[in-house]
file upload-v1.cif (mmCIF, C-alpha atoms and all ligand atoms)
data_my_file
#
loop_
_atom_site.label_atom_id
_atom_site.label_comp_id
_atom_site.auth_asym_id
_atom_site.auth_seq_id
_atom_site.Cartn_x
_atom_site.Cartn_y
_atom_site.Cartn_z
CA MET A 1 32.59 25.19 0.94
CA LYS A 2 35.33 22.85 2.13
CA ALA A 3 34.73 20.08 4.67
CA CYS A 4 37.20 17.88 6.50
CA PHE A 5 36.09 14.35 7.44
CA MET A 6 38.09 12.82 10.27
CA GLY A 7 37.83 9.05 9.76
CA LEU A 8 37.31 7.24 6.45
CA GLY A 9 35.58 4.12 7.73
CA TYR A 10 32.18 2.53 7.11
CA ILE A 11 30.37 5.84 7.72
CA GLY A 12 32.95 8.61 7.21
CA LEU A 13 34.00 7.54 3.74
CA PRO A 14 30.48 7.10 2.24
CA THR A 15 29.32 10.40 3.81
CA ALA A 16 32.37 12.21 2.44
CA ILE A 17 31.76 10.71 -1.01
CA ILE A 18 28.07 11.71 -1.08
CA ALA A 19 28.88 15.25 0.13
CA ALA A 20 31.58 15.53 -2.56
CA LYS A 21 29.10 14.34 -5.17
CA HIS A 22 26.81 17.18 -4.09
CA GLY A 23 29.50 19.80 -4.67
CA VAL A 24 31.32 20.07 -1.32
CA ASP A 25 35.15 20.10 -1.51
CA ILE A 26 36.28 17.30 0.74
CA VAL A 27 39.50 16.37 2.42
CA GLY A 28 39.08 12.94 4.00
CA VAL A 29 41.52 12.18 6.81
CA ASP A 30 42.55 8.78 8.08
CA ILE A 31 45.50 7.80 10.24
CA ASN A 32 45.92 4.63 8.19
CA PRO A 33 48.13 5.49 5.16
CA GLN A 34 46.87 2.44 3.28
CA VAL A 35 43.27 3.73 3.48
CA VAL A 36 44.44 7.14 2.26
CA GLU A 37 46.38 5.62 -0.62
CA MET A 38 43.50 3.38 -1.71
CA THR A 39 40.98 6.22 -1.49
CA ASN A 40 43.12 8.52 -3.62
CA ALA A 41 43.46 5.68 -6.15
CA GLY A 42 39.65 5.42 -6.33
CA LYS A 43 39.60 2.05 -4.59
CA LEU A 44 37.03 1.48 -1.85
CA HIS A 45 38.57 -0.22 1.19
CA ILE A 46 35.14 -1.19 2.56
CA ILE A 47 32.42 -3.29 0.96
CA GLU A 48 29.42 -1.17 -0.01
CA PRO A 49 27.38 -1.72 -3.20
CA GLY A 50 27.66 1.07 -5.78
CA MET A 51 30.05 3.17 -3.69
CA GLU A 52 33.29 2.55 -5.57
CA GLU A 53 31.97 4.02 -8.84
CA MET A 54 30.93 7.13 -6.95
CA LEU A 55 34.35 7.36 -5.24
CA GLN A 56 36.11 7.16 -8.61
CA GLU A 57 33.95 9.97 -9.96
CA VAL A 58 34.64 12.40 -7.06
CA VAL A 59 38.37 11.59 -6.96
CA LYS A 60 38.62 12.11 -10.71
CA ASN A 61 36.83 15.48 -10.69
CA GLY A 62 38.97 16.64 -7.75
CA LYS A 63 36.08 17.00 -5.27
CA LEU A 64 37.51 14.45 -2.80
CA ARG A 65 41.06 13.94 -1.67
CA ALA A 66 42.35 11.81 1.19
CA ALA A 67 45.24 12.72 3.52
CA THR A 68 46.75 11.61 6.81
CA SER A 69 46.31 15.00 8.47
CA PRO A 70 43.60 17.69 8.37
CA GLU A 71 43.65 20.94 6.42
CA THR A 72 42.01 24.33 6.90
CA SER A 73 38.31 23.89 6.06
CA ASP A 74 34.92 25.45 6.81
CA ALA A 75 33.48 22.39 8.54
CA TYR A 76 34.98 19.44 10.45
CA PHE A 77 33.30 16.06 11.01
CA MET A 78 34.41 13.52 13.62
CA VAL A 79 33.49 10.10 12.21
CA VAL A 80 35.79 7.80 14.14
CA PRO A 81 35.08 4.62 16.12
CA THR A 82 33.91 4.70 19.74
CA PRO A 83 34.60 1.17 21.01
CA PHE A 84 34.42 0.19 24.65
CA LYS A 85 37.12 -0.40 27.22
CA GLY A 86 37.22 -2.20 30.59
CA ASP A 87 33.79 -3.44 31.61
CA HIS A 88 31.91 -2.13 28.56
CA GLU A 89 32.67 1.52 29.27
CA PRO A 90 32.64 3.79 26.22
CA ASP A 91 36.05 4.81 24.93
CA ILE A 92 35.89 8.27 23.33
CA SER A 93 39.66 8.59 22.91
CA TYR A 94 39.43 8.51 19.07
CA VAL A 95 36.93 11.40 19.11
CA GLU A 96 39.27 13.24 21.44
CA SER A 97 42.35 12.70 19.31
CA ALA A 98 40.51 13.60 16.07
CA THR A 99 39.33 16.79 17.78
CA ARG A 100 42.88 17.59 18.91
CA MET A 101 44.07 17.13 15.33
CA VAL A 102 41.61 19.73 13.96
CA LEU A 103 42.05 22.18 16.88
CA PRO A 104 44.87 24.24 15.28
CA PHE A 105 42.81 24.69 12.08
CA LEU A 106 39.56 25.95 13.67
CA LYS A 107 38.64 29.58 12.96
CA GLU A 108 35.70 31.87 13.57
CA GLY A 109 32.49 30.77 11.79
CA ASP A 110 33.56 27.12 11.37
CA LEU A 111 31.26 24.15 11.98
CA TYR A 112 32.44 21.25 14.18
CA VAL A 113 30.25 18.11 14.16
CA ILE A 114 30.51 14.75 15.93
CA GLU A 115 28.85 11.86 14.06
CA SER A 116 30.45 9.01 16.03
CA THR A 117 28.09 7.17 18.39
CA SER A 118 28.96 8.74 21.73
CA PRO A 119 27.89 8.67 25.36
CA VAL A 120 25.62 11.51 26.45
CA GLY A 121 27.66 14.64 27.23
CA THR A 122 30.48 13.97 24.73
CA THR A 123 29.72 17.01 22.54
CA ASP A 124 29.80 19.35 25.56
CA LYS A 125 33.01 17.69 26.74
CA MET A 126 34.67 18.24 23.36
CA ALA A 127 33.40 21.85 23.26
CA GLU A 128 35.01 22.46 26.66
CA MET A 129 38.26 20.95 25.40
CA ILE A 130 38.20 23.15 22.28
CA PHE A 131 37.51 26.31 24.29
CA SER A 132 40.12 25.57 26.91
CA GLU A 133 42.79 25.23 24.20
CA ARG A 134 41.42 28.00 21.95
CA PRO A 135 39.53 30.40 24.30
CA GLU A 136 39.32 33.04 21.57
CA LEU A 137 36.86 30.76 19.70
CA LYS A 138 34.26 30.71 22.52
CA ASP A 139 30.83 31.38 20.99
CA LYS A 140 32.54 31.98 17.64
CA ILE A 141 32.24 28.48 16.17
CA TYR A 142 29.22 26.20 15.66
CA ILE A 143 29.16 22.83 17.43
CA ALA A 144 26.67 20.00 16.86
CA TYR A 145 26.06 16.27 17.25
CA CYS A 146 24.51 14.57 14.19
CA PRO A 147 24.41 10.77 14.41
CA GLU A 148 24.29 8.56 11.33
CA ARG A 149 21.55 5.99 10.84
CA VAL A 150 22.52 4.06 7.73
CA LEU A 151 22.25 0.32 7.34
CA PRO A 152 25.42 -1.25 5.92
CA GLY A 153 24.64 -2.59 2.45
CA ASN A 154 22.06 0.12 1.73
CA VAL A 155 24.19 3.17 2.47
CA ILE A 156 23.82 5.10 -0.80
CA TYR A 157 20.04 5.18 -0.47
CA GLU A 158 19.83 5.67 3.29
CA LEU A 159 22.44 8.45 3.52
CA VAL A 160 20.28 10.55 1.25
CA HIS A 161 16.74 9.48 2.18
CA ASN A 162 16.79 8.80 5.95
CA ASP A 163 15.59 11.53 8.31
CA ARG A 164 18.33 12.84 10.58
CA VAL A 165 18.48 14.27 14.06
CA ILE A 166 20.59 17.43 14.29
CA GLY A 167 21.52 18.51 17.81
CA GLY A 168 23.43 21.77 18.18
CA ARG A 169 24.89 23.23 21.37
CA ASN A 170 22.69 26.25 20.57
CA GLU A 171 20.12 27.08 17.92
CA ALA A 172 22.63 28.78 15.64
CA SER A 173 24.77 25.61 15.63
CA THR A 174 21.75 23.42 14.86
CA LYS A 175 20.84 25.70 11.95
CA LYS A 176 24.41 25.72 10.60
CA ALA A 177 24.58 21.89 10.72
CA GLN A 178 21.13 21.61 9.11
CA ASP A 179 22.37 23.82 6.26
CA PHE A 180 25.32 21.49 5.73
CA TYR A 181 23.32 18.23 5.73
CA GLY A 182 20.56 19.87 3.67
CA GLN A 183 23.00 19.89 0.75
CA PHE A 184 22.63 16.11 0.28
CA VAL A 185 19.97 14.75 2.67
CA GLN A 186 16.44 14.56 1.25
CA GLY A 187 14.94 13.20 4.48
CA THR A 188 13.76 15.63 7.17
CA LEU A 189 16.45 17.19 9.38
CA HIS A 190 14.95 17.24 12.87
CA PRO A 191 16.39 19.95 15.12
CA THR A 192 17.17 19.33 18.80
CA ASN A 193 19.96 19.89 21.34
CA CYS A 194 23.18 17.85 21.38
CA LYS A 195 22.41 15.78 24.51
CA THR A 196 19.05 14.65 23.12
CA ALA A 197 20.68 13.81 19.78
CA GLU A 198 23.37 11.73 21.54
CA MET A 199 20.74 9.87 23.55
CA CYS A 200 18.56 9.43 20.47
CA LYS A 201 21.26 7.45 18.66
CA LEU A 202 21.77 5.19 21.69
CA THR A 203 18.00 4.83 22.10
CA GLU A 204 17.46 3.67 18.51
CA ASN A 205 19.99 0.87 18.74
CA SER A 206 19.00 -0.11 22.29
CA CYS A 207 15.38 -0.31 21.20
CA ARG A 208 16.27 -2.72 18.41
CA ASP A 209 18.46 -4.75 20.77
CA SER A 210 15.58 -5.06 23.27
CA GLN A 211 13.14 -6.10 20.57
CA ILE A 212 15.52 -8.77 19.27
CA ALA A 213 16.09 -9.95 22.85
CA PHE A 214 12.34 -10.46 23.20
CA ALA A 215 12.35 -12.66 20.09
CA ASN A 216 15.44 -14.56 21.26
CA GLU A 217 13.92 -15.20 24.68
CA LEU A 218 10.74 -16.47 23.02
CA SER A 219 12.79 -18.83 20.85
CA ILE A 220 14.37 -20.45 23.91
CA ILE A 221 10.98 -20.89 25.62
CA CYS A 222 9.45 -22.30 22.42
CA ASP A 223 12.30 -24.77 22.05
CA LYS A 224 11.56 -26.07 25.55
CA VAL A 225 7.85 -26.58 24.92
CA GLY A 226 8.10 -27.76 21.31
CA ILE A 227 6.54 -24.77 19.54
CA ASN A 228 7.80 -23.49 16.18
CA VAL A 229 8.85 -19.95 17.12
CA TRP A 230 8.71 -18.70 13.51
CA GLU A 231 5.08 -19.76 13.18
CA LEU A 232 4.30 -18.31 16.61
CA ILE A 233 5.80 -14.90 15.78
CA ASN A 234 4.10 -14.82 12.41
CA LEU A 235 0.74 -15.46 14.10
CA ALA A 236 1.30 -12.99 16.96
CA ASN A 237 2.27 -10.33 14.38
CA LYS A 238 -1.20 -10.64 12.82
CA HIS A 239 -2.37 -8.59 15.83
CA PRO A 240 -2.59 -4.96 14.68
CA ARG A 241 -0.40 -3.66 17.52
CA VAL A 242 2.18 -6.47 17.77
CA ASN A 243 5.38 -6.48 15.69
CA ILE A 244 7.95 -8.95 16.99
CA LEU A 245 11.36 -9.16 15.31
CA GLN A 246 13.10 -12.41 14.35
CA PRO A 247 15.21 -14.56 16.66
CA GLY A 248 18.70 -15.54 15.57
CA CYS A 249 21.90 -16.91 17.02
CA GLY A 250 22.57 -13.66 18.90
CA VAL A 251 23.14 -10.04 18.03
CA GLY A 252 26.30 -8.88 16.28
CA GLY A 253 27.85 -5.97 14.45
CA HIS A 254 29.58 -2.92 15.76
CA CYS A 255 26.41 -0.96 16.63
CA ILE A 256 23.54 -2.85 18.23
CA ALA A 257 25.81 -5.19 20.20
CA VAL A 258 27.81 -2.19 21.48
CA ASP A 259 25.72 0.97 21.85
CA PRO A 260 23.33 -0.17 24.62
CA TYR A 261 26.37 -0.50 26.91
CA PHE A 262 26.90 3.26 26.47
CA ILE A 263 23.67 3.71 28.43
CA SER A 264 23.93 0.80 30.86
CA SER A 265 27.53 1.51 31.92
CA GLU A 266 26.68 5.15 32.71
CA PHE A 267 23.34 4.37 34.38
CA PRO A 268 23.82 0.90 35.89
CA LYS A 269 20.98 1.30 38.41
CA GLU A 270 18.39 2.69 36.05
CA ALA A 271 19.11 0.86 32.77
CA ARG A 272 17.82 -2.53 33.90
CA MET A 273 15.90 -3.57 30.80
CA ILE A 274 18.58 -2.31 28.42
CA ALA A 275 21.27 -4.28 30.29
CA MET A 276 19.05 -7.36 30.45
CA ALA A 277 18.48 -7.26 26.68
CA ARG A 278 22.25 -7.35 26.15
CA GLU A 279 22.48 -10.32 28.52
CA VAL A 280 19.68 -12.22 26.77
CA ASN A 281 21.20 -11.63 23.33
CA ASN A 282 24.69 -12.64 24.49
CA TYR A 283 23.28 -15.72 26.19
CA LYS A 284 21.52 -16.77 22.99
CA ALA A 285 24.90 -17.43 21.31
CA ASP A 286 26.04 -19.64 24.22
CA TRP A 287 22.71 -21.45 24.16
CA CYS A 288 23.14 -22.16 20.43
CA ALA A 289 26.71 -23.43 20.93
CA GLU A 290 25.48 -25.77 23.66
CA LYS A 291 22.69 -27.06 21.41
CA VAL A 292 25.27 -27.93 18.74
CA GLN A 293 27.56 -29.64 21.26
CA ASN A 294 24.64 -31.70 22.62
CA ALA A 295 23.54 -32.72 19.11
CA MET A 296 27.10 -33.86 18.36
CA LEU A 297 27.26 -35.97 21.52
CA ARG A 298 23.87 -37.54 20.82
CA PHE A 299 24.92 -38.36 17.26
CA GLU A 300 28.12 -40.01 18.46
CA LEU A 301 26.26 -42.11 21.04
CA GLU A 302 23.64 -43.25 18.53
CA ASN A 303 25.98 -43.83 15.56
CA LYS A 304 29.25 -44.86 17.26
CA ARG A 305 31.19 -42.38 15.17
CA LYS A 306 31.89 -38.67 15.22
CA PRO A 307 29.55 -36.53 13.11
CA VAL A 308 30.45 -34.27 10.21
CA VAL A 309 29.05 -30.86 11.14
CA ALA A 310 28.34 -27.98 8.71
CA MET A 311 28.39 -24.53 10.32
CA MET A 312 26.47 -22.35 7.85
CA GLY A 313 27.45 -18.67 8.03
CA LEU A 314 30.05 -16.56 9.83
CA ALA A 315 28.85 -13.01 9.09
CA PHE A 316 26.95 -11.07 11.75
CA LYS A 317 23.83 -10.80 9.57
CA PRO A 318 22.51 -12.07 6.23
CA ASN A 319 24.12 -11.27 2.89
CA ILE A 320 27.13 -9.30 4.11
CA ASP A 321 30.81 -10.19 4.58
CA ASP A 322 31.24 -8.37 7.91
CA LEU A 323 32.31 -10.60 10.82
CA ARG A 324 32.63 -7.90 13.51
CA GLU A 325 31.13 -9.01 16.85
CA SER A 326 29.54 -11.89 14.94
CA PRO A 327 27.69 -14.38 17.17
CA ALA A 328 28.01 -16.96 14.36
CA LYS A 329 31.81 -16.68 14.45
CA TYR A 330 31.72 -16.95 18.25
CA ILE A 331 29.60 -20.12 18.09
CA VAL A 332 31.80 -21.74 15.43
CA THR A 333 34.91 -21.01 17.52
CA LYS A 334 33.31 -22.37 20.68
CA VAL A 335 32.13 -25.57 18.99
CA MET A 336 35.52 -26.12 17.32
CA GLN A 337 37.32 -25.72 20.64
CA SER A 338 35.22 -28.48 22.20
CA CYS A 339 34.72 -30.76 19.23
CA ASN A 340 37.15 -33.58 20.01
CA ASN A 341 38.29 -34.14 16.44
CA ALA A 342 34.82 -34.17 14.90
CA SER A 343 34.91 -32.83 11.38
CA ILE A 344 33.60 -29.25 11.25
CA LEU A 345 32.94 -27.67 7.85
CA VAL A 346 32.76 -23.89 8.01
CA VAL A 347 30.71 -22.06 5.38
CA GLU A 348 30.62 -18.35 4.53
CA PRO A 349 29.59 -17.75 0.91
CA ASN A 350 30.36 -13.99 1.08
CA ILE A 351 34.05 -14.49 1.82
CA GLN A 352 36.66 -16.08 -0.44
CA GLU A 353 39.21 -16.90 2.23
CA HIS A 354 39.57 -16.55 6.00
CA LYS A 355 42.83 -16.53 7.93
CA VAL A 356 41.52 -18.78 10.73
CA PHE A 357 38.76 -20.89 9.19
CA LYS A 358 39.12 -23.13 6.17
CA LEU A 359 35.96 -22.42 4.19
CA THR A 360 33.83 -24.98 2.36
CA ASN A 361 31.27 -24.38 -0.40
CA TYR A 362 27.76 -24.33 1.11
CA LYS A 363 26.26 -27.01 -1.15
CA GLU A 364 29.18 -29.35 -0.58
CA ALA A 365 29.04 -28.85 3.20
CA TYR A 366 25.28 -29.43 3.27
CA GLU A 367 25.68 -32.61 1.27
CA LYS A 368 28.49 -34.02 3.42
CA ALA A 369 27.20 -33.08 6.87
CA ASP A 370 25.37 -35.25 9.40
CA ILE A 371 24.50 -32.18 11.43
CA VAL A 372 23.71 -28.87 9.70
CA VAL A 373 23.69 -25.68 11.77
CA PHE A 374 22.19 -22.54 10.20
CA LEU A 375 23.75 -19.54 11.90
CA THR A 376 23.32 -16.68 9.39
CA GLY A 377 20.31 -16.40 7.10
CA HIS A 378 22.18 -15.90 3.82
CA THR A 379 19.86 -16.02 0.79
CA PRO A 380 21.65 -18.92 -1.04
CA PHE A 381 21.00 -21.19 1.97
CA LYS A 382 17.28 -20.83 1.31
CA GLU A 383 17.63 -22.88 -1.89
CA LEU A 384 18.67 -25.95 0.10
CA GLU A 385 15.98 -28.57 0.60
CA TRP A 386 15.04 -29.95 3.99
CA ARG A 387 16.60 -33.39 4.46
CA ALA A 388 15.06 -35.79 6.97
CA ASP A 389 18.29 -37.85 7.07
CA LYS A 390 20.21 -34.94 8.64
CA VAL A 391 20.03 -33.30 12.03
CA ILE A 392 19.21 -29.67 11.23
CA LEU A 393 19.64 -26.93 13.80
CA ASP A 394 18.04 -23.87 12.25
CA PHE A 395 18.81 -20.89 14.50
CA CYS A 396 17.91 -18.22 11.95
CA GLY A 397 14.72 -19.52 10.40
CA ILE A 398 16.15 -20.60 7.05
CA MET A 399 13.86 -23.61 6.83
CA LYS A 400 11.37 -22.50 9.47
CA LYS A 401 10.82 -26.17 10.45
N1 LIG A 501 18.94 -9.27 14.08
C1 LIG A 501 18.16 -10.30 14.60
N2 LIG A 501 16.82 -10.27 14.38
C2 LIG A 501 16.23 -9.27 13.68
C3 LIG A 501 17.02 -8.21 13.17
C4 LIG A 501 18.38 -8.23 13.39
O1 LIG A 501 18.67 -11.22 15.25
O2 LIG A 501 14.99 -9.33 13.52
C5 LIG A 501 20.40 -9.28 14.33
C6 LIG A 501 21.22 -9.35 13.04
O3 LIG A 501 21.37 -10.66 12.59
C7 LIG A 501 22.54 -8.75 13.54
C8 LIG A 501 22.10 -7.70 14.55
O4 LIG A 501 20.78 -8.05 14.90
O5 LIG A 501 23.34 -9.71 14.19
C9 LIG A 501 22.14 -6.27 14.05
O6 LIG A 501 21.66 -6.17 12.73
P1 LIG A 501 20.68 -4.99 12.24
O7 LIG A 501 20.34 -5.21 10.82
O8 LIG A 501 19.54 -4.87 13.18
O9 LIG A 501 21.52 -3.64 12.45
P2 LIG A 501 22.99 -3.10 12.02
O10 LIG A 501 23.90 -3.32 13.18
O11 LIG A 501 23.44 -3.54 10.69
O12 LIG A 501 22.65 -1.51 11.88
C10 LIG A 501 22.04 -0.82 12.99
C11 LIG A 501 20.82 -0.05 12.47
N3 LIG A 501 20.04 0.44 13.60
C12 LIG A 501 18.71 0.21 13.74
O13 LIG A 501 18.08 -0.44 12.96
C13 LIG A 501 18.04 0.83 14.92
C14 LIG A 501 21.27 1.09 11.57
O14 LIG A 501 20.17 1.90 11.17
C15 LIG A 501 22.31 1.97 12.29
O15 LIG A 501 22.78 3.02 11.48
C16 LIG A 501 23.49 1.08 12.67
O16 LIG A 501 23.01 0.06 13.55
C17 LIG A 501 24.54 1.95 13.35
O17 LIG A 501 25.55 2.27 12.68
O18 LIG A 501 24.34 2.36 14.50
#

call {"tool": "encode", "arguments": {"input": "upload-v1.cif", "output": "structure tokens"}}
result
Amino acid sequence: MKACFMGLGYIGLPTAIIAAKHGVDIVGVDINPQVVEMTNAGKLHIIEPGMEEMLQEVVKNGKLRAATSPETSDAYFMVVPTPFKGDHEPDISYVESATRMVLPFLKEGDLYVIESTSPVGTTDKMAEMIFSERPELKDKIYIAYCPERVLPGNVIYELVHNDRVIGGRNEASTKKAQDFYGQFVQGTLHPTNCKTAEMCKLTENSCRDSQIAFANELSIICDKVGINVWELINLANKHPRVNILQPGCGVGGHCIAVDPYFISSEFPKEARMIAMAREVNNYKADWCAEKVQNAMLRFELENKRKPVVAMMGLAFKPNIDDLRESPAKYIVTKVMQSCNNASILVVEPNIQEHKVFKLTNYKEAYEKADIVVFLTGHTPFKELEWRADKVILDFCGIMKK
């Protein structure tokens, strides 16, 4: 069987590689010629442990090839970004244009799948578009929505072992998509309809966002009353039915900080808690920036000089190099804009160089700083010892003091 993957990004490329490794002939399509060139040269343009070796293997044995336009295949997968536009409204234009690109190649018996996170109703909308342009294909092709669930950094394992939700427009489509994913997924493939599958993806990420918002709200209350929030959560979680997540400096990344808006913008009256969770998590980053600014002012008043401040971490979560929607990056920018010539040392051990921030080694920054701000819980930071002579603002529980 031959499959065409539209989009060779953080999800499309690894999925294409794994499918190729399991015997499917793959043409991977990306509009960026540089991505296509790198992929064909066996070079991974994203960071994902263990993936490059696998790419080299499937390119070498001819199972995967990248191109800038699609080719006749048996199955087509839309794995392109769905950002938002205007006031957090979902923008499905990339799904639309990827679908338009494959339209001329579709033939009877083919499978068309959307993997991109999408607002409810997108699969039906795309089906209508396909059938209005190619009416002869009505009821002759299989259409399904099958969201991904992998955690960046653990993709090789999760792509194979996670359960998946497979939502066809009819039972035959669900079955056809299950047969495809069954070639490489060892987790259970749960059948449903496409609307439920679309909502399921949004629900998973909104649920996590709400749970993190609960922890972030607690952290702000605890700060006011002088309670160590890490100890509090640890104790509350000893209850058999309580499982609170960890507070941080906000919520980042391209999924959890984005997907809940796909529900709240479509259902502004009903999605009150989901919208509030977004607000709480966004506010947490502003609250952290204000805490840093206040600590800097206090230091200057008490010491009659400007402080040296170490901002520890830029990535959106621990032990990755991804800065997309990163609250840490937002806080560093905000503090730098208001710092009045104080010396700010920016640390991100997972990145060699950054085009905006001059980066400092984490040990050196910790040593030099009067004020240390932990923004991302990178593992190397945990080796640093608590120093009573420094002001330490620990927003991610590195030192749990
Ligand atoms: N975070 C906290 N406290 C926590 C856990 C996370 O503040 O206790 C923060 C992180 O620091 C980060 C943000 O939340 O800023 C998101 O990180 P994450 O690890 O929760 O999730 P992502 O964005 O890397 O991946 C999520 C996953 N979804 C769920 O766990 C429900 C993943 O399974 C999805 O495949 C992915 O979104 C996606 O692509 O949708």

call {"tool": "atom_distance", "arguments": {"input": "upload-v1.cif", "atom1": "CA of Ala275 in chain A", "atom2": "CA of Ile256 in chain A"}}
result
12.4 Å

call {"tool": "closest_residue", "arguments": {"input": "upload-v1.cif", "among": "A:Ser338, A:Thr123, A:Gln178, A:Asn319", "to": "ligand LIG 501 (chain A)", "atoms": "all atoms listed in the file"}}
result
A:Asn319

call {"tool": "axis_aligned_box", "arguments": {"input": "upload-v1.cif", "around": "ligand LIG 501 (chain A)", "padding_each_side": "8 Å", "output": "lines of an AutoDock Vina configuration file"}}
result
center_x = 20.3
center_y = -4.1
center_z = 13.0
size_x = 26.6
size_y = 30.2
size_z = 20.6

call {"tool": "atom_distance", "arguments": {"input": "upload-v1.cif", "atom1": "CA of Thr117 in chain A", "atom2": "CA of Gly252 in chain A"}}
result
16.3 Å

call {"tool": "atom_distance", "arguments": {"input": "upload-v1.cif", "atom1": "CA of Ala257 in chain A", "atom2": "CA of Asp286 in chain A"}}
result
15.0 Å

call {"tool": "closest_residue", "arguments": {"input": "upload-v1.cif", "among": "A:Ser219, A:Asn282, A:Ser264, A:Asn303", "to": "Glu325 in chain A", "atoms": "only C-alpha atoms"}}
result
A:Asn282

call {"tool": "residues_near_point", "arguments": {"input": "upload-v1.cif", "point": "(6.5, -9.3, 16.8)", "cutoff": "8 Å", "atoms": "all atoms listed in the file", "output": "CSV table (one decimal) with C-alpha atoms, in the coordinates of the input"}}
result
chain,number,residue,atom,x,y,z
A,215,ALA,CA,12.4,-12.7,20.1
A,233,ILE,CA,5.8,-14.9,15.8
A,234,ASN,CA,4.1,-14.8,12.4
A,236,ALA,CA,1.3,-13.0,17.0
A,237,ASN,CA,2.3,-10.3,14.4
A,242,VAL,CA,2.2,-6.5,17.8
A,243,ASN,CA,5.4,-6.5,15.7
A,244,ILE,CA,8.0,-9.0,17.0
A,245,LEU,CA,11.4,-9.2,15.3
A,246,GLN,CA,13.1,-12.4,14.4

call {"tool": "closest_atom_pairs", "arguments": {"input": "upload-v1.cif", "of": "chain A", "to": "ligand LIG 501 (chain A)", "cutoff": "6 Å", "atoms": "all atoms listed in the file", "output": "JSON lines"}}
result
{"residue": "A:Glu148", "atom": "CA", "partner": "A:LIG501", "partner_atom": "O15", "distance": 5.7}
{"residue": "A:Arg149", "atom": "CA", "partner": "A:LIG501", "partner_atom": "O15", "distance": 3.3}
{"residue": "A:Val150", "atom": "CA", "partner": "A:LIG501", "partner_atom": "O15", "distance": 3.9}
{"residue": "A:Leu151", "atom": "CA", "partner": "A:LIG501", "partner_atom": "C14", "distance": 4.4}
{"residue": "A:Pro152", "atom": "CA", "partner": "A:LIG501", "partner_atom": "O11", "distance": 5.6}
{"residue": "A:Glu204", "atom": "CA", "partner": "A:LIG501", "partner_atom": "C13", "distance": 4.6}
{"residue": "A:Asn205", "atom": "CA", "partner": "A:LIG501", "partner_atom": "C13", "distance": 4.3}
{"residue": "A:Arg208", "atom": "CA", "partner": "A:LIG501", "partner_atom": "C13", "distance": 5.3}
{"residue": "A:Ile212", "atom": "CA", "partner": "A:LIG501", "partner_atom": "N2", "distance": 5.3}
{"residue": "A:Leu245", "atom": "CA", "partner": "A:LIG501", "partner_atom": "O2", "distance": 4.1}
{"residue": "A:Gln246", "atom": "CA", "partner": "A:LIG501", "partner_atom": "O2", "distance": 3.7}
{"residue": "A:Pro247", "atom": "CA", "partner": "A:LIG501", "partner_atom": "O1", "distance": 5.0}
{"residue": "A:Gly248", "atom": "CA", "partner": "A:LIG501", "partner_atom": "O1", "distance": 4.3}
{"residue": "A:Gly250", "atom": "CA", "partner": "A:LIG501", "partner_atom": "O1", "distance": 5.9}
{"residue": "A:Val251", "atom": "CA", "partner": "A:LIG501", "partner_atom": "O5", "distance": 3.9}
{"residue": "A:Gly252", "atom": "CA", "partner": "A:LIG501", "partner_atom": "O5", "distance": 3.7}
{"residue": "A:Gly253", "atom": "CA", "partner": "A:LIG501", "partner_atom": "O10", "distance": 4.9}
{"residue": "A:Cys255", "atom": "CA", "partner": "A:LIG501", "partner_atom": "O18", "distance": 4.5}
{"residue": "A:Ile256", "atom": "CA", "partner": "A:LIG501", "partner_atom": "O10", "distance": 5.1}
{"residue": "A:Phe316", "atom": "CA", "partner": "A:LIG501", "partner_atom": "O5", "distance": 4.6}
{"residue": "A:Lys317", "atom": "CA", "partner": "A:LIG501", "partner_atom": "O3", "distance": 3.9}

call {"tool": "closest_atom_pairs", "arguments": {"input": "upload-v1.cif", "of": "range 103-214 of chain A", "to": "range 5-29 of chain A", "cutoff": "9 Å", "atoms": "all atoms listed in the file", "output": "CSV"}}
result
residue,atom,partner,partner_atom,distance
A:Glu115,CA,A:Gly12,CA,8.6
A:Ser116,CA,A:Ile11,CA,8.9
A:Glu148,CA,A:Ile11,CA,7.6
A:Val150,CA,A:Ile11,CA,8.0
A:Pro152,CA,A:Tyr10,CA,7.8
A:Val155,CA,A:Pro14,CA,7.4
A:Ile156,CA,A:Pro14,CA,7.6
A:Leu159,CA,A:Thr15,CA,7.2
A:Val160,CA,A:Ile18,CA,8.2
A:Tyr181,CA,A:Ala19,CA,8.4
A:Gln183,CA,A:His22,CA,6.7
A:Phe184,CA,A:His22,CA,6.1

call {"tool": "residues_around", "arguments": {"input": "upload-v1.cif", "residues": "Pro119 in chain A", "least_positions_apart": "6", "cutoff": "10 Å", "atoms": "all atoms listed in the file", "output": "PyMOL selection string"}}
result
chain A and resi 82+89-92+195+198-199+201-202+259-263+265-266

call {"tool": "write_last_selection", "arguments": {"input": "upload-v1.cif", "atoms": "C-alpha atoms", "output": "compact mmCIF listing (two decimals), in the frame of the given file"}}
result
# COMPACT_ATOMS: atom_id res chain seq x y z
CA THR A 82 33.91 4.70 19.74
CA GLU A 89 32.67 1.52 29.27
CA PRO A 90 32.64 3.79 26.22
CA ASP A 91 36.05 4.81 24.93
CA ILE A 92 35.89 8.27 23.33
CA LYS A 195 22.41 15.78 24.51
CA GLU A 198 23.37 11.73 21.54
CA MET A 199 20.74 9.87 23.55
CA LYS A 201 21.26 7.45 18.66
CA LEU A 202 21.77 5.19 21.69
CA ASP A 259 25.72 0.97 21.85
CA PRO A 260 23.33 -0.17 24.62
CA TYR A 261 26.37 -0.50 26.91
CA PHE A 262 26.90 3.26 26.47
CA ILE A 263 23.67 3.71 28.43
CA SER A 265 27.53 1.51 31.92
CA GLU A 266 26.68 5.15 32.71
